[in-house]
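Visitor: What follows is structure_37.txt, compact mmCIF, C-alpha atoms.
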# COMPACT_ATOMS: atom_id res chain seq x y z
CA MET A 29 157.30 169.94 92.63
CA THR A 30 156.83 166.29 91.87
CA GLN A 31 159.91 164.38 90.87
CA ASP A 32 158.13 163.60 87.64
CA ALA A 33 156.99 167.14 86.85
CA PRO A 34 157.96 168.17 83.34
CA ALA A 35 160.74 170.72 83.17
CA PRO A 36 160.98 173.29 80.37
CA TRP A 37 162.39 171.64 77.28
CA THR A 38 166.03 172.35 76.59
CA PRO A 39 167.84 172.00 73.27
CA GLN A 40 170.30 169.16 72.83
CA GLY A 41 173.39 171.16 71.93
CA ASP A 42 174.30 174.80 71.33
CA GLY A 43 173.31 175.12 67.67
CA PRO A 44 169.93 175.42 65.99
CA ASP A 45 169.08 171.79 66.74
CA PRO A 46 165.26 171.60 67.04
CA ARG A 47 165.33 168.53 69.28
CA ARG A 48 164.16 169.06 72.84
CA HIS A 49 164.78 167.03 75.97
CA ALA A 50 162.27 166.57 78.81
CA PRO A 51 164.18 164.96 81.72
CA ALA A 52 161.06 163.32 83.18
CA THR A 53 160.67 161.17 80.07
CA LEU A 54 163.57 158.89 80.95
CA ARG A 55 162.21 158.46 84.45
CA ASN A 56 158.63 157.61 83.59
CA ARG A 57 158.55 156.07 80.11
CA ASP A 58 159.04 152.44 81.18
CA ALA A 59 156.48 152.68 83.97
CA ILE A 60 153.99 154.17 81.52
CA ALA A 61 154.76 151.48 78.94
CA ALA A 62 154.06 148.77 81.52
CA VAL A 63 150.49 150.05 81.91
CA LEU A 64 150.07 150.61 78.17
CA ARG A 65 150.97 146.98 77.58
CA ASP A 66 147.74 145.99 79.37
CA GLU A 67 145.50 148.66 77.84
CA LEU A 68 146.46 149.18 74.20
CA PRO A 69 145.05 147.07 71.38
CA ASP A 70 147.27 144.52 69.67
CA ALA A 71 147.23 146.53 66.43
CA GLY A 72 145.89 149.82 65.11
CA LEU A 73 146.60 153.53 65.43
CA VAL A 74 147.47 155.27 68.70
CA LEU A 75 147.10 159.05 68.70
CA GLU A 76 149.28 160.86 71.23
CA VAL A 77 147.86 164.27 72.11
CA ALA A 78 150.37 166.89 73.34
CA SER A 79 153.46 164.87 72.42
CA GLY A 80 155.82 167.60 73.61
CA SER A 81 159.45 166.85 72.83
CA GLY A 82 158.50 163.61 71.06
CA GLU A 83 160.68 161.42 73.27
CA HIS A 84 157.76 159.42 74.65
CA VAL A 85 156.23 158.61 71.29
CA VAL A 86 159.57 157.48 69.85
CA HIS A 87 160.09 155.17 72.81
CA PHE A 88 156.59 153.73 72.54
CA ALA A 89 156.92 153.20 68.79
CA VAL A 90 160.02 151.11 69.52
CA THR A 91 158.34 149.29 72.42
CA PHE A 92 155.11 148.52 70.54
CA PRO A 93 156.14 147.91 66.92
CA ALA A 94 152.80 146.34 65.94
CA LEU A 95 151.02 149.65 66.58
CA ASP A 96 151.12 152.78 64.43
CA TRP A 97 151.86 155.94 66.40
CA GLN A 98 150.57 159.41 65.54
CA PRO A 99 152.20 162.24 67.52
CA SER A 100 150.64 165.71 67.74
CA ASP A 101 151.11 169.05 69.47
CA PRO A 102 149.89 172.66 69.19
CA ASP A 103 153.39 174.14 69.59
CA PRO A 104 155.49 174.59 66.42
CA ALA A 105 158.71 174.17 68.40
CA ALA A 106 157.47 170.86 69.77
CA LEU A 107 156.46 169.73 66.30
CA ALA A 108 159.97 170.51 65.06
CA SER A 109 161.46 168.46 67.90
CA ILE A 110 159.13 165.53 67.19
CA ALA A 111 159.96 165.64 63.49
CA ALA A 112 163.71 165.69 64.18
CA LEU A 113 163.54 162.77 66.62
CA ARG A 114 161.33 160.87 64.20
CA GLY A 115 163.95 161.36 61.51
CA ASP A 116 166.67 160.08 63.83
CA ALA A 117 164.62 157.01 64.79
CA ASN A 118 163.53 156.15 61.22
CA LEU A 119 160.72 153.92 62.44
CA PRO A 120 158.13 152.60 59.96
CA ASN A 121 155.31 152.79 62.54
CA LEU A 122 155.88 156.43 63.60
CA ARG A 123 153.94 159.01 61.59
CA ALA A 124 154.81 162.65 60.96
CA PRO A 125 153.47 164.91 63.73
CA LEU A 126 150.17 166.75 63.40
CA LEU A 127 149.41 170.30 64.48
CA LEU A 128 146.60 169.65 66.95
CA ASP A 129 145.13 171.91 69.61
CA ALA A 130 143.16 169.78 72.06
CA ALA A 131 140.79 172.67 72.79
CA GLY A 132 139.93 173.09 69.13
CA ALA A 133 136.81 171.62 67.59
CA ASP A 134 138.35 170.50 64.28
CA TRP A 135 141.02 167.88 64.81
CA PRO A 136 143.12 166.85 61.78
CA ILE A 137 142.37 163.16 62.27
CA ASP A 138 139.14 161.22 61.89
CA ALA A 139 139.68 158.05 63.91
CA ALA A 140 142.10 156.24 66.21
CA ASP A 141 142.16 152.94 68.06
CA ALA A 142 143.53 154.50 71.25
CA VAL A 143 144.44 157.97 72.52
CA LEU A 144 147.28 158.72 74.92
CA CYS A 145 147.80 162.08 76.64
CA ILE A 146 150.75 162.59 78.99
CA ASN A 147 151.17 165.64 81.25
CA MET A 148 148.75 167.94 79.45
CA VAL A 149 145.71 168.20 81.70
CA HIS A 150 147.44 170.25 84.40
CA ILE A 151 149.58 172.38 82.05
CA SER A 152 146.75 173.73 79.91
CA PRO A 153 143.43 175.50 80.38
CA TRP A 154 140.50 173.33 81.41
CA ALA A 155 139.08 173.90 77.92
CA ALA A 156 141.85 171.67 76.56
CA THR A 157 140.71 168.75 78.71
CA LEU A 158 137.08 169.31 77.73
CA GLY A 159 138.10 169.44 74.08
CA LEU A 160 140.18 166.28 74.45
CA LEU A 161 137.24 164.39 75.91
CA ALA A 162 134.72 165.68 73.38
CA SER A 163 136.90 164.92 70.37
CA CYS A 164 137.90 161.49 71.66
CA ALA A 165 134.22 160.64 72.03
CA GLN A 166 134.04 161.11 68.26
CA LEU A 167 137.40 159.53 67.36
CA LEU A 168 137.27 156.38 69.43
CA ALA A 169 135.00 153.41 68.90
CA PRO A 170 133.12 152.10 71.93
CA GLY A 171 135.54 150.26 74.20
CA ALA A 172 138.67 151.91 72.82
CA PRO A 173 140.90 153.46 75.50
CA LEU A 174 141.61 157.09 76.30
CA ILE A 175 144.65 157.04 78.60
CA LEU A 176 145.77 160.00 80.70
CA TYR A 177 148.95 160.37 82.73
CA GLY A 178 149.87 163.07 85.23
CA PRO A 179 149.26 164.36 88.78
CA TYR A 180 145.71 164.75 90.07
CA VAL A 181 143.94 165.70 93.28
CA GLU A 182 141.73 162.98 94.77
CA ASP A 183 139.00 163.57 97.32
CA ASP A 184 139.85 160.52 99.41
CA VAL A 185 143.64 160.51 99.03
CA PRO A 186 145.94 163.04 100.75
CA THR A 187 147.71 165.22 98.19
CA ALA A 188 151.49 165.00 98.42
CA PRO A 189 153.11 168.26 99.58
CA SER A 190 155.24 168.23 96.44
CA ASN A 191 152.08 168.14 94.31
CA LEU A 192 150.57 171.03 96.26
CA ALA A 193 153.72 173.06 95.67
CA PHE A 194 153.67 172.09 92.00
CA ASP A 195 150.05 173.21 91.74
CA ARG A 196 150.92 176.61 93.22
CA SER A 197 153.83 177.02 90.82
CA LEU A 198 151.64 176.18 87.84
CA LYS A 199 148.98 178.70 88.86
CA ASP A 200 151.67 181.34 89.37
CA ARG A 201 152.78 180.77 85.77
CA ASN A 202 149.23 180.74 84.40
CA PRO A 203 146.03 181.03 86.47
CA GLN A 204 144.27 178.69 84.01
CA TRP A 205 146.71 175.87 84.79
CA GLY A 206 146.85 173.62 87.84
CA LEU A 207 146.19 170.11 89.10
CA ARG A 208 142.64 168.95 88.35
CA THR A 209 140.52 166.96 90.73
CA LEU A 210 139.82 163.42 89.64
CA THR A 211 136.15 163.98 90.41
CA ASP A 212 135.98 166.84 87.89
CA VAL A 213 137.76 164.82 85.21
CA ASP A 214 135.51 161.80 85.80
CA ARG A 215 132.40 164.00 85.62
CA ALA A 216 133.53 165.70 82.41
CA ALA A 217 134.35 162.31 80.90
CA ALA A 218 130.94 160.94 81.86
CA ASP A 219 129.26 163.91 80.19
CA VAL A 220 130.53 162.65 76.80
CA GLY A 221 129.99 158.96 77.48
CA PHE A 222 133.29 157.84 79.00
CA GLY A 223 133.62 155.82 82.18
CA ARG A 224 136.88 155.35 84.06
CA THR A 225 137.90 151.69 83.98
CA ARG A 226 141.27 151.88 85.69
CA ARG A 227 143.35 154.04 88.03
CA VAL A 228 147.02 153.17 88.47
CA ALA A 229 149.25 154.86 91.04
CA MET A 230 152.54 155.76 89.37
CA PRO A 231 155.95 156.89 90.62
CA ALA A 232 156.46 160.50 91.76
CA ASN A 233 152.81 160.97 92.82
CA ASN A 234 151.32 160.60 89.36
CA LEU A 235 148.38 158.55 88.10
CA MET A 236 147.45 156.74 84.93
CA LEU A 237 143.74 156.91 84.19
CA VAL A 238 141.98 154.79 81.59
CA TYR A 239 138.59 155.80 80.19
CA ARG A 240 136.39 153.87 77.77
CA ARG A 241 132.96 154.48 76.28
CA GLY A 242 130.41 151.76 76.81
Before we go any further, please render this structure as structure tokens.
Guide:
Amino acid sequence: MTQDAPAPWTPQGDGPDPRRHAPATLRNRDAIAAVLRDELPDAGLVLEVASGSGEHVVHFAVTFPALDWQPSDPDPAALASIAALRGDANLPNLRAPLLLDAAGADWPIDAADAVLCINMVHISPWAATLGLLASCAQLLAPGAPLILYGPYVEDDVPTAPSNLAFDRSLKDRNPQWGLRTLTDVDRAAADVGFGRTRRVAMPANNLMLVYRRG
């Protein structure tokens, strides 16, 4: 498994606290923010798809106070965690989380100035990635970034043994999950008008991928 692979969320404490903790967040959030600093607009709304525990979006709302942040997730437990962390942070630029299934056709948001999706593509059916791309083609104006983070398989780059083991473990949990090839993601993105403008190698054998429509 990659060092950066998301572990199952665990509650912070023994009581009915809805907050969740994803250990990888502390390891990767600053590296992700460094790339976001070059790719995000100076102002506007950033939609995070599959916000998970909510720890990333809280950190980014603090790091980029001129941007409004909209978290989302399809899991009610994740939404509860995001809402609790949002209440703790009390940030004016962090919106209440939305129930959003990336694979669904009807998203509860009409427009955004950027979309960020961390560690979803490999831990979801391929339909979720196709839905993400199709909906972002409608949400984002030409030139606005769709930014993905996670592990991928590349045709011309040897896959780390830890990523191969992680891929096997994902498929054992759900045959519809698993690391996607960058070629397949690029092709699916191109089908809805996106071109990849940047690939950044990240710690723990992950990538950040930036797509924009012409």
Visitor: Compile the contact shell of Asp141 in chain A as a PDB file with C-alpha atoms, keeping the file's coordinate frame: residues with an atom at most 12 Å away, counting only C-alpha atoms, same-chain residues fewer than 6 positions apart removed.
Guide:
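Saved result, out_23.pdb, follows:
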ATOM      1  CA  GLU A  67     145.500 148.660  77.840  1.00  0.00           C
ATOM      2  CA  LEU A  68     146.460 149.180  74.200  1.00  0.00           C
ATOM      3  CA  PRO A  69     145.050 147.070  71.380  1.00  0.00           C
ATOM      4  CA  ASP A  70     147.270 144.520  69.670  1.00  0.00           C
ATOM      5  CA  ALA A  71     147.230 146.530  66.430  1.00  0.00           C
ATOM      6  CA  GLY A  72     145.890 149.820  65.110  1.00  0.00           C
ATOM      7  CA  LEU A  73     146.600 153.530  65.430  1.00  0.00           C
ATOM      8  CA  VAL A  74     147.470 155.270  68.700  1.00  0.00           C
ATOM      9  CA  LEU A  75     147.100 159.050  68.700  1.00  0.00           C
ATOM     10  CA  GLU A  76     149.280 160.860  71.230  1.00  0.00           C
ATOM     11  CA  LEU A  95     151.020 149.650  66.580  1.00  0.00           C
ATOM     12  CA  ASP A  96     151.120 152.780  64.430  1.00  0.00           C
ATOM     13  CA  TRP A  97     151.860 155.940  66.400  1.00  0.00           C
ATOM     14  CA  GLN A  98     150.570 159.410  65.540  1.00  0.00           C
ATOM     15  CA  CYS A 164     137.900 161.490  71.660  1.00  0.00           C
ATOM     16  CA  ALA A 165     134.220 160.640  72.030  1.00  0.00           C
ATOM     17  CA  GLN A 166     134.040 161.110  68.260  1.00  0.00           C
ATOM     18  CA  LEU A 167     137.400 159.530  67.360  1.00  0.00           C
ATOM     19  CA  LEU A 168     137.270 156.380  69.430  1.00  0.00           C
ATOM     20  CA  ALA A 169     135.000 153.410  68.900  1.00  0.00           C
ATOM     21  CA  PRO A 170     133.120 152.100  71.930  1.00  0.00           C
ATOM     22  CA  GLY A 171     135.540 150.260  74.200  1.00  0.00           C
ATOM     23  CA  ALA A 172     138.670 151.910  72.820  1.00  0.00           C
ATOM     24  CA  PRO A 173     140.900 153.460  75.500  1.00  0.00           C
ATOM     25  CA  LEU A 174     141.610 157.090  76.300  1.00  0.00           C
ATOM     26  CA  ILE A 175     144.650 157.040  78.600  1.00  0.00           C
ATOM     27  CA  ARG A 240     136.390 153.870  77.770  1.00  0.00           C
TER      28      ARG A 240
END
Visitor: Smallest atom-to-atom distance to Ala94 in chain A: which of A:Phe222, A:Ser109, A:Asn121, A:Asp116, using all atoms listed in the file?
Guide: A:Asn121
Visitor: Taking only C-alpha atoms into account, which of A:Ala162, A:Tyr239, A:Arg47, A:Trp154 comes nearest Gly115 in chain A?
Guide: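 Closest to Gly115 in chain A, using only C-alpha atoms: A:Arg47.
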Visitor: One number please: CA of Arg224 in chain A to CA of Val143 in chain A, in Å, one decimal.
Guide: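 Going from CA of Arg224 in chain A over to CA of Val143 in chain A, I get 14.0 Å.
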Visitor: Any idea what's packed within 8 Å of range 229-236 of chain A, counting all atoms listed in the file, ignoring anything in its chain fewer than 5 positions away? Could you give it as a PyMOL selection string?
Guide: chain A and resi 30-32+56+59-60+63+175-180+188+191
Visitor: Calculated over all atoms listed in the file, which of the candidates A:Ala216, A:Leu207, A:Ile110, A:Leu237 has the smallest distance to Ser152 in chain A?
Guide: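 Going through A:Ala216, A:Leu207, A:Ile110, A:Leu237 one by one, the smallest distance to Ser152 in chain A is for A:Leu207.
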Visitor: Hey, what's within 8 Å of Ile151 in chain A if we count all atoms listed in the file and toss same-chain stuff fewer than 5 positions away? As a PyMOL selection string, please?
Guide: chain A and resi 198+205-206
Visitor: Please, what distance in Å, to one decimal, runs between CA of Trp135 in chain A and CA of Ser163 in chain A?
Guide: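 Separation of CA of Trp135 in chain A and CA of Ser163 in chain A: 7.5 Å.
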Visitor: Measure the distance from CA of Leu158 in chain A to CA of Asn202 in chain A in Å and round it to one decimal.
Guide: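 Pair CA of Leu158 in chain A / CA of Asn202 in chain A returns 18.0 Å.
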Visitor: Identify which of the residues A:Gly221, A:Leu127, A:Ala111, A:Asn147 lies closest to Ala52 in chain A, counting only C-alpha atoms when measuring atom-to-atom distances.
Guide: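 The answer is A:Asn147, which sits nearest to Ala52 in chain A.
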Visitor: Hey, what's within 7 Å of Val77 in chain A if we count all atoms listed in the file and toss same-chain stuff fewer than 6 positions away? As a ChimeraX atom specification, please?
Guide: /A:99-101,144-145
Visitor: Using all atoms listed in the file, find the one residue out of A:Leu119, A:Ala108, A:Phe92, A:Ser81 that sits nearest to Asp66 in chain A.
Guide: A:Phe92
